[in-house]
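Worksheet for the structure shown next.
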Amino acid sequence: MKLTTRLRHDWLSGAARLGNPLARYALIGAAVSAIAAPMAPAKADEISELKAEIRALNKRLSDMEEQKTKVKAMNDRLKQVEKKEEARAQVPPPAAPVPTKAGPWESFKTGQPVHIIETQNTDVLLYGIIEPTLGYVTNVDKAGHSTVGLNVSWFSGNRWGLFVTQKVFPEYGFNLLAKMESEFELPSGNMDTPGVLFNRDAWVGFESPTLGKFSVGRQNTLPRDVANIWADPYGASALNTGEGGFTNNNNFKQIIFYTSGGNGANGQGDTRYDQGFVWKKVFDNGLYLGAAYNFGDGNGPGGPNGSGPIPGAGFDKGSTEAVAAGYNAGQFHVSGFYTRANVLEIPTIGTTNIGHIHQSWGIGGNWDGGLLRLNTGYMHYTADQGLVGTRNDDVVTVSAKVTPSKFYDVEVGWQDFFAHNAALTGAGYTFVPFKDASAAVATGTGTRMTTYASFMYHPIPNVDVYIAGDHLKTTGGYSASQAHAHDTADEVVTGVRYKW
């Protein structure tokens, strides 16, 4: 083996020169001897090394073949995807699906506000309530007659309205708002306030989580909104920045006038402001705060002196101020208010502007456990009535609501007004709170008590079918205009309320 290696080295290095005959013969002889001689066995480690090199080369070849196969497969797949994309680009996009309209029943039972305009930043809603009421009412005149027929809605004023939301700074939740709402009477179609289209609401403002809600124009009085959670069982239980309700046209609705003080479409003593500025906010911890100011108004569009600022009036003449506070604490909700109004003597409006101070305050709350809701509250009212002196009223209200199912609920309530030295109108009826009583020559002291109950069935969420009734009883020198000089009046009604 060593000889063979030596010969190979000499051959390659050129030591065996073919031109030298002696060297050539010696090389050939050595080669023949090496071949003829028995070969020495190769060492085992050299064989193992050769075999390992062969195996490594074979593996590399195998790996290269495998990678080549993968590359070929990926190229084929790429060509297929490119062909599909080219084919898709040549086909026109499918037409947009035509929306199917909901059937009459689906449209009726959803009853949601209609989005007249809806863009990324602007939303205009059309909404309303329609409520026919069939009722039996006693003592509708001094002769003591009763009536049966379609009445002005017992629960809610028939209405339609527009609510506008304009996002200005969406990142801060800052929105511009506007609301216009009109009330009409279902039996006749007449405007609730003749000649006034948006007699319920006509305001503009803004709202954000940081700043709260601020609105300017015709709107609810602030005390009305906060007392709504405990004055009767029909409003929302928790405080919010929206406007509160109260029922519409029944014997126990009269409690709403202790939360009035506005100068609106029904003259002084209206439960809405004209030229009102209202701020409300519900804080993250449940605290509620509110403040309001109402400029002096010429008795509103329904009053005897028209609407608009009163000539010669300052910030005090005919104006109203109010503050409110409350707290939402889980199932418990409480609120209170104070309001002060400069109620002008009607004959002096626009001239000497003589006013008298009327004020009220109230506190109350509710517990809403879902199945059962309990409400209670107290109000106190004082009024400078000119020649007949000061009036003092105390008002108590208690009510409850039971909701065994989402399909029906039952409400009961009781309220009592204790009026002391309350001025009487020329017809002999007790003046409504916050009305000008300076021309009165007689007063009365007595009570006005009303009990009421209702059963409401909700076949679908936006429809209420109800049976309800109330009983009015007066004592002493209190005379309710609804009883027409009698000391009692009763109402039994049934109706349907559709909200959309």
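Each chain in the structure tokens gets a letter, A, B and so on, in the order shown; residues start at 1 in every chain, and ligands are counted from 1 in the order they appear.
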*Spatial neighbours of Asp409 in chain A, max dist 9 Å, only C-alpha atoms, sep filter under 6 positions, as JSON, numbers by chain*: {"A": [401, 402, 403, 454, 455, 456, 457, 458]}
*Might you pull out every residue within 6 Å of range 282-290 of chain A, with only C-alpha atoms counted and same-chain residues fewer than 3 positions away left off, and present them as a list in words?*
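After dropping sequence-adjacent residues, the list is Trp279, Val323, Ala324, Ala325, Gly326, Tyr327 and Asn328 of chain A.
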*asked:* What's around Gly413 in chain A at 10 Å? Count only C-alpha atoms, leave out sequence neighbours fewer than 4 positions away in its own chain, and write the answer as number ranges by chain.
replied: A: 231-233, 252, 374-376, 397-401, 450-454, 470
Keeping only C-alpha atoms, write the selected residues as a PDB file, in the first residue's frame.
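Final output, out.pdb:
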ATOM      1  CA  ALA A 231     -93.836  62.013  42.420  1.00  0.00           C
ATOM      2  CA  ASP A 232     -95.639  59.090  40.750  1.00  0.00           C
ATOM      3  CA  PRO A 233     -94.725  55.520  39.690  1.00  0.00           C
ATOM      4  CA  PHE A 252    -103.627  63.298  40.312  1.00  0.00           C
ATOM      5  CA  LEU A 374     -91.736  52.256  46.150  1.00  0.00           C
ATOM      6  CA  ASN A 375     -91.845  56.074  45.881  1.00  0.00           C
ATOM      7  CA  THR A 376     -92.383  58.845  48.392  1.00  0.00           C
ATOM      8  CA  THR A 397     -97.078  61.691  47.802  1.00  0.00           C
ATOM      9  CA  VAL A 398     -96.732  57.912  48.143  1.00  0.00           C
ATOM     10  CA  SER A 399     -96.949  55.324  45.368  1.00  0.00           C
ATOM     11  CA  ALA A 400     -95.906  51.815  44.389  1.00  0.00           C
ATOM     12  CA  LYS A 401     -95.430  49.724  41.267  1.00  0.00           C
ATOM     13  CA  THR A 450    -106.346  61.872  45.220  1.00  0.00           C
ATOM     14  CA  THR A 451    -106.019  58.091  45.090  1.00  0.00           C
ATOM     15  CA  TYR A 452    -105.337  56.272  41.825  1.00  0.00           C
ATOM     16  CA  ALA A 453    -104.540  52.873  40.380  1.00  0.00           C
ATOM     17  CA  SER A 454    -103.792  51.325  37.007  1.00  0.00           C
ATOM     18  CA  ASP A 470    -108.688  57.937  40.165  1.00  0.00           C
TER      19      ASP A 470
END
*asked:* Applying 6 Å and only C-alpha atoms, which residues near range 380-395 of chain A remain after dropping the ones on its own chain fewer than 5 positions away? List them as a VMD selection string.
replied: chain A and resid 356 to 361 416 to 422 437 to 438
Put those residues in a file: C-alpha atoms, as a PDB file, in the first residue's frame.
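File result.pdb, as written:
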ATOM      1  CA  HIS A 356     -94.457  88.606  43.832  1.00  0.00           C
ATOM      2  CA  ILE A 357     -92.173  85.861  45.076  1.00  0.00           C
ATOM      3  CA  HIS A 358     -93.414  82.276  44.804  1.00  0.00           C
ATOM      4  CA  GLN A 359     -91.123  79.447  45.803  1.00  0.00           C
ATOM      5  CA  SER A 360     -91.197  75.717  46.409  1.00  0.00           C
ATOM      6  CA  TRP A 361     -88.835  72.987  47.467  1.00  0.00           C
ATOM      7  CA  ASP A 416    -102.562  64.939  49.521  1.00  0.00           C
ATOM      8  CA  PHE A 417    -102.266  68.728  49.269  1.00  0.00           C
ATOM      9  CA  PHE A 418    -102.702  70.761  52.468  1.00  0.00           C
ATOM     10  CA  ALA A 419    -103.362  74.344  51.323  1.00  0.00           C
ATOM     11  CA  HIS A 420    -103.310  77.180  53.896  1.00  0.00           C
ATOM     12  CA  ASN A 421    -104.743  80.581  52.967  1.00  0.00           C
ATOM     13  CA  ALA A 422    -104.811  79.746  49.264  1.00  0.00           C
ATOM     14  CA  ALA A 437    -103.075  85.619  42.627  1.00  0.00           C
ATOM     15  CA  SER A 438    -102.667  89.328  43.386  1.00  0.00           C
TER      16      SER A 438
END
Please provide the set of residues having any atom within 12 Å of Gly428 in chain A, restricted to only C-alpha atoms, with same-chain residues fewer than 5 positions apart removed, written as a tab-separated table (two decimals) with C-alpha atoms, in the first residue's frame.
chain	number	residue	atom	x	y	z
A	422	ALA	CA	-104.81	79.75	49.26
A	423	ALA	CA	-106.27	82.47	47.04
A	440	ALA	CA	-107.81	87.65	44.62
A	441	VAL	CA	-110.18	88.88	47.34
A	442	ALA	CA	-110.88	85.55	49.07
A	443	THR	CA	-108.89	82.56	50.27
A	444	GLY	CA	-109.57	79.06	51.47
A	477	GLY	CA	-112.00	75.65	51.70
A	478	TYR	CA	-110.11	73.85	48.92
A	479	SER	CA	-112.09	73.88	45.64
A	480	ALA	CA	-110.71	71.92	42.67
A	481	SER	CA	-111.67	73.20	39.23
A	483	ALA	CA	-114.72	68.89	40.32
A	484	HIS	CA	-116.68	72.02	39.25
A	485	ALA	CA	-117.71	73.16	42.74
A	486	HIS	CA	-118.28	69.59	43.95
*asked:* When you look at range 179-182 of chain A with a cut-off of 10 Å (counting only C-alpha atoms), what residues show up, excluding the ones that are within fewer than 4 positions of it in the same chain? I need them as a ChimeraX atom specification.
replied: /A:124-128,157-165,191-193,196-205,215,217-219
Saved selection, atoms kept: C-alpha atoms, as a PDB file, in the first residue's frame:
ATOM      1  CA  VAL A 124     -82.063  63.078  13.139  1.00  0.00           C
ATOM      2  CA  LEU A 125     -84.813  61.020  14.781  1.00  0.00           C
ATOM      3  CA  LEU A 126     -88.552  61.238  14.223  1.00  0.00           C
ATOM      4  CA  TYR A 127     -90.520  59.875  17.202  1.00  0.00           C
ATOM      5  CA  GLY A 128     -93.952  60.078  18.773  1.00  0.00           C
ATOM      6  CA  GLY A 157     -99.990  63.728  25.629  1.00  0.00           C
ATOM      7  CA  ASN A 158    -100.169  62.709  21.972  1.00  0.00           C
ATOM      8  CA  ARG A 159     -97.025  64.044  20.372  1.00  0.00           C
ATOM      9  CA  TRP A 160     -94.472  63.910  17.614  1.00  0.00           C
ATOM     10  CA  GLY A 161     -91.020  65.361  17.578  1.00  0.00           C
ATOM     11  CA  LEU A 162     -87.536  65.613  16.116  1.00  0.00           C
ATOM     12  CA  PHE A 163     -84.337  64.965  18.072  1.00  0.00           C
ATOM     13  CA  VAL A 164     -81.005  65.929  16.513  1.00  0.00           C
ATOM     14  CA  THR A 165     -77.548  64.727  17.582  1.00  0.00           C
ATOM     15  CA  MET A 191    -102.966  71.659  18.805  1.00  0.00           C
ATOM     16  CA  ASP A 192    -102.588  71.296  22.562  1.00  0.00           C
ATOM     17  CA  THR A 193    -101.656  75.000  22.632  1.00  0.00           C
ATOM     18  CA  VAL A 196     -98.018  77.022  18.915  1.00  0.00           C
ATOM     19  CA  LEU A 197     -96.400  74.230  16.891  1.00  0.00           C
ATOM     20  CA  PHE A 198     -93.582  73.126  19.194  1.00  0.00           C
ATOM     21  CA  ASN A 199     -95.326  73.764  22.495  1.00  0.00           C
ATOM     22  CA  ARG A 200     -93.563  70.942  24.374  1.00  0.00           C
ATOM     23  CA  ASP A 201     -89.934  71.451  23.376  1.00  0.00           C
ATOM     24  CA  ALA A 202     -87.925  73.858  21.262  1.00  0.00           C
ATOM     25  CA  TRP A 203     -84.335  73.951  22.459  1.00  0.00           C
ATOM     26  CA  VAL A 204     -80.724  73.552  21.403  1.00  0.00           C
ATOM     27  CA  GLY A 205     -77.671  72.666  23.460  1.00  0.00           C
ATOM     28  CA  SER A 215     -79.775  73.447  26.845  1.00  0.00           C
ATOM     29  CA  GLY A 217     -84.921  77.398  24.863  1.00  0.00           C
ATOM     30  CA  ARG A 218     -88.342  75.964  25.682  1.00  0.00           C
ATOM     31  CA  GLN A 219     -88.018  72.901  27.911  1.00  0.00           C
TER      32      GLN A 219
END
*Quick one: residues within 6 Å of Leu472 in chain A, only C-alpha atoms counted, chain neighbours fewer than 3 positions away excluded, as an NGL selection string?*
:A and (449-450 or 488-489)
Would you put the residues from that selection into a file with C-alpha atoms, as a PDB file, in the first residue's frame?
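What landed in part_4.pdb:
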ATOM      1  CA  MET A 449    -106.595  64.190  48.232  1.00  0.00           C
ATOM      2  CA  THR A 450    -106.346  61.872  45.220  1.00  0.00           C
ATOM      3  CA  THR A 488    -115.471  64.754  44.546  1.00  0.00           C
ATOM      4  CA  ALA A 489    -114.641  63.700  40.996  1.00  0.00           C
TER       5      ALA A 489
END
*Counting only C-alpha atoms, figure out which residue out of A:Met379, A:Val278, A:Ile130, A:Leu211 gets nearest to Trp230 in chain A.*
A:Met379
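Between Asn353 in chain A and the candidates A:Ile310, A:Leu371, A:Leu176, A:Val140, the tightest atom-to-atom separation, counting only C-alpha atoms, involves A:Ile310.
Distances here use only C-alpha atoms; by that measure, the residue among A:Ala439, A:Val216, A:Ala329, A:Leu177 closest to Glu345 in chain A is A:Ala439.
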*asked:* I need the residues in range 179-227 of chain A that are strand (DSSP E) according to DSSP; give them as a PyMOL selection string.
replied: chain A and resi 179-184+201-208+212-220
